[in-house]
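What follows is a set of notes on a single structure, which appears directly below.
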Protein chains: 2
Amino acid sequence: MKKYKDILGDGGSNIVGQVEEQQSRLKARLAAVRRIVAILSGKGGVGKSSVTANLAAAFARKGSAVGVLDADLNGPSIARMLGVRGQTLKVTEAGVQPALSADGIRVMSMDLLLPSDAAPVTWEAPTQAESHVWRGNMEANALREFLADTAWGSLDLLLVDLPPGTDRFPTVAGLVPSLSGTVLVTIPAEVSHLVVKKSITIAKATAAPVLGLVENMAGYVCGRCGAIGELFQGSRGEALAAEFDIPFLGRIPFDPRLAAAGDRGVPFLADHADSLAGSALLEIAERVRAALTSSPWSSPQWGEEKR
Amino acid sequence: MKKYKDILGDGGSNIVGQVEEQQSRLKARLAAVRRIVAILSGKGGVGKSSVTANLAAAFARKGSAVGVLDADLNGPSIARMLGVRGQTLKVTEAGVQPALSADGIRVMSMDLLLPSDAAPVTWEAPTQAESHVWRGNMEANALREFLADTAWGSLDLLLVDLPPGTDRFPTVAGLVPSLSGTVLVTIPAEVSHLVVKKSITIAKATAAPVLGLVENMAGYVCGRCGAIGELFQGSRGEALAAEFDIPFLGRIPFDPRLAAAGDRGVPFLADHADSLAGSALLEIAERVRAALTSSPWSSPQWGEEKR
């Protein structure tokens with residue numbers, strides 16, 4: 001890989017030409033993907049990846065061809081949640097074959113490329129202390145490669161799981177001008193709302209419509225007495241959505257079995273579709289689907305409707 | 001502020017000289033700070049900011065002069081948790097006066113500079129889609145300014161609350177060569193451990209010692225029946241610490257009152273020092289303090305010991 005200084009000076013690598021070629025490969029690749037939806041929050045740890053994995057499962061179980069791109073290069077968790085860690089990526093003429101989950105979800109993540117759990121992603125640099133200089137650039141390049149070089153095949157829906165940080169979404173929106181929409185995730189805590197508000201502002205500033213807000217970790221069901229306790233005071237997700245004039249997609253209670261399923265990499269919906277959390281997830285998926293099919297800017301039909 | 005292209009071309013601004021001047025101002029400023037400790041995780045939403053705010057409160061209540069730098073520029077929450085939102089920063093000859101919490105903690109955060117809740121941090125750029133190109137650079141510059149231009153005064157301890165992302169710590173370590181140590185925060189979930197492992201690797205690669213690992217959200221106490229339920233299966237923080245040969249500092253159960261105190265910006269320890277979470281926090285602070293005072297690389301004494 002070229003070092004930053006080489007890129008600045010080009011060094012004869014025709015880096016601009018390379019990027020342009022990749023961007024047009026990306027466009028051709030995504031032409032076979034009917035809808036691309038970004039899942040974001042800005043705030044970390046609110047369950048973006050968990051919501052992404054379970055939405056993907058909900059769509060896959062309805063017969064849709066679904067892919068998930070883990071855009072969190074530094075803290076990837078999608079591969080674990082969808083149970084595809086350890087799968088070897090095959091490079092074919094068509095591109096890199098994504099990993100395949102038990103539900104048939106096609107997955108690409110930095111996690112599948114790292115040599116061990118403890119290995120961080122590091123960009124080639126004289127010192128790590130200076131790596132911030134080209135970190136953003138390298139990340140955008142890696143995402144462009146993941147999008148362009150993965151043999152996604154024909155997909156009804158590609159979900160892009162964003163990393164924490166309100167600054168990350170513009171990069172993805174820039175790479176994928178054909179984005180069909182965004183889903184925002186929050187938890188009831190005020191400190192989360194404070195950050196998510198900034199992300200809503202950023203999401204509303206792009207051309208892709210905001211499909212809505214999901215409130216995760218909305219209450220905890222006691223395993224002994226069944227009482228629903230609050231993890232965070234109040235449930236103001238609906239008010240937050242109203243404040244910003246975006247749809248409210250629903251609230252998901254904290255279910256330890258959902259967290260455990262993610263840790264084990266087994267589909268939560270297979271065994272717990274009837275649970276509070278399970279039915280909430282299915283309803284949210286249905287609302288996302290309705291928003292995606294009713295919208296005038298996305299004419300192609302879903303796969304399952306044609307079967 | 002100069003645009004990126006101007007910086008590349010310099011544009012007569014002597015940007016290198018400016019940065020060097022600021023770096024030496026930073027060094028002079030931090031000479032009056034006895035210990036600087038970075039709180040990191042890599043994973044978002046595990047409670048870095050909550051742990052930071054409450055550790056700061058624990059030290060302040062023991063008589064130490066404490067400051068907190070919120071290094072999360074995009075998703076700042078420290079100002080809210082310490083109840084200093086809305087305070088106006090005063091610029092004096094000595095520098096920018098930090099906000100002051102009820103416990104006397106000096107706070108600097110991007111949150112204090114933003115015009116509204118919904119306003120995201122954006123770096124001046126032709127388009128936001130291209131902002132990744134200089135995002136890392138601008139972030140490092142902003143942190144350098146926060147460290148160098150804040151009139152921290154004489155401090156026993158400055159806590160630096162890192163943003164999510166395993167890639168962020170090297171920037172801070174580069175800006176603060178005199179870092180006294182790092183505290184890592186995780187939750188019991190395997191998906192969190194996967195990311196925290198990468199951060200431990202990065203933290204161990206720097207000169208500053210790893211003071212230890214904190215396990216947050218370790219169980220939930222039912223408000224009705226008092227049963228301690230698991231939010232995440234198992235409690236493997238201790239095993240994780242052992243695996244990487246770093247100290248285990250303790251586990252903090254999820255207490256809705258602690259989350260609520262953070263949302264309201266009131267010191268949790270003032271009213272709930274005797275709770276499970278409160279005593280866990282005090283014990284962890286004591287362990288951090290012991291590690292910082294026993295270490296041979298930090299000879300100056302704490303303020304309260306001299307009083």
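Chain identifiers are assigned as A, B, and so on, following the order in which chains appear in the structure tokens; residues are numbered from 1 within each chain, and ligands are numbered from 1 in order of appearance.
The neighbours of B:Leu249 here are the residues that come within 9 Å of it, using only C-alpha atoms and leaving out any residue fewer than 3 positions away in the same chain; they are Val183, Leu211, Gly212, Leu213, Val214, Glu215, Glu238, Glu283, Ile284, Ala285, Arg287 and Val288 of chain B.
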**Message:** For a quick test of understanding: name the residues of chain A lying within 6 Å of chain B when counting only C-alpha atoms, and present them as a PyMOL selection string.
**Reply:** chain A and resi 44-45+74-75+77+117-120+128-129+132-133+136-137+165-166+170-171+174+190-191+194-195+197-198+231-232+256+263
Written selection (C-alpha atoms) as a compact mmCIF listing (two decimals), in the first residue's frame:
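The result, stored in part-v1.txt:
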```txt
# COMPACT_ATOMS: atom_id res chain seq x y z
CA GLY A 44 -22.00 4.20 20.14
CA GLY A 45 -23.40 1.15 21.87
CA ASN A 74 -12.37 -0.31 13.86
CA GLY A 75 -15.03 -1.98 15.95
CA SER A 77 -19.31 -6.76 15.32
CA ASP A 117 -9.54 -10.86 17.84
CA ALA A 118 -6.90 -8.65 19.39
CA ALA A 119 -5.58 -7.23 16.11
CA PRO A 120 -6.65 -3.63 15.56
CA GLN A 128 0.51 5.42 14.77
CA ALA A 129 0.48 8.83 16.44
CA HIS A 132 -4.96 10.54 12.04
CA VAL A 133 -3.58 12.46 9.07
CA GLY A 136 -10.27 9.32 7.10
CA ASN A 137 -8.94 8.84 3.62
CA GLY A 165 -19.42 9.20 15.29
CA THR A 166 -21.71 11.79 13.75
CA PRO A 170 -21.28 11.91 4.97
CA THR A 171 -18.46 9.62 3.78
CA GLY A 174 -20.69 10.39 -0.73
CA GLU A 190 -30.90 11.97 27.25
CA VAL A 191 -27.15 11.76 26.70
CA LEU A 194 -27.99 14.72 22.52
CA VAL A 195 -25.74 12.89 20.05
CA LYS A 197 -29.96 14.83 17.34
CA LYS A 198 -26.74 15.80 15.60
CA LEU A 231 -32.94 1.14 32.15
CA PHE A 232 -33.15 4.81 31.30
CA PRO A 256 -30.91 -10.53 27.44
CA ASP A 263 -22.82 -12.98 21.17
```
**Request:** Could you tell me, as an MDAnalysis selection string, which residues of stretch 107-266 of chain A DSSP assigns to alpha helix (DSSP H) when given the backbone?
**Result:** chainID A and resid 132:149 169:175 190:204 237:243 256:264
**Item:** Atom-to-atom span, atom CA of A:Arg251 and atom CA of A:Ala218, Å
**Value:**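 Distance between the two atoms: 6.1 Å.
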**Fill in**
B:Ala151 proximity check over B:Leu281, B:Ile246, B:Leu30, B:Leu113, using only C-alpha atoms: winner is B:Leu30
**Item:** Atomic separation - atom CA of A:Arg61 relative to atom CA of A:Asp274, Å
**Value:**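 Value for the atom CA of A:Asp274-atom CA of A:Arg61 distance: 14.3 Å.
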**Item:** Long-range neighbours of stretch 154-157 of chain A as JSON, numbers by chain, 8 Å cut-off, only C-alpha atoms, 2 positions minimum in chain
**Value:** {"A": [32, 33, 34, 35, 36, 37, 64, 65, 66, 67, 152, 159, 302, 303]}
Please produce a file of those selected residues containing C-alpha atoms, as an mmCIF file, in the first residue's frame.
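Result file is result-v2.cif:
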```
data_model
loop_
_atom_site.group_PDB
_atom_site.id
_atom_site.type_symbol
_atom_site.label_atom_id
_atom_site.label_comp_id
_atom_site.auth_asym_id
_atom_site.auth_seq_id
_atom_site.Cartn_x
_atom_site.Cartn_y
_atom_site.Cartn_z
ATOM 1 C CA ALA A 32 -27.867 -4.980 -9.063
ATOM 2 C CA VAL A 33 -28.789 -3.878 -5.521
ATOM 3 C CA ARG A 34 -32.385 -2.646 -5.349
ATOM 4 C CA ARG A 35 -32.221 -0.722 -2.080
ATOM 5 C CA ILE A 36 -29.339 0.479 0.086
ATOM 6 C CA VAL A 37 -30.169 1.623 3.612
ATOM 7 C CA SER A 64 -35.655 -11.113 0.399
ATOM 8 C CA ALA A 65 -32.053 -11.308 -0.810
ATOM 9 C CA VAL A 66 -30.198 -9.314 1.843
ATOM 10 C CA GLY A 67 -26.621 -8.147 2.304
ATOM 11 C CA TRP A 152 -22.886 -8.901 -3.696
ATOM 12 C CA LEU A 159 -27.895 -2.623 4.915
ATOM 13 C CA TRP A 302 -38.675 -6.334 -4.118
ATOM 14 C CA GLY A 303 -37.510 -9.779 -5.096
#
```
**Item:** Interatomic distance, atom CA of B:Ala53 to atom CA of B:Leu114 (Å, one decimal)
**Value:**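 Computing the Euclidean distance for atom CA of B:Ala53 and atom CA of B:Leu114 yields 20.3 Å.
The residue that comes closest to A:Asp161, out of A:His272, A:Ala280, A:Thr186, A:Ala71 and on the basis of only C-alpha atoms, is A:Ala71.
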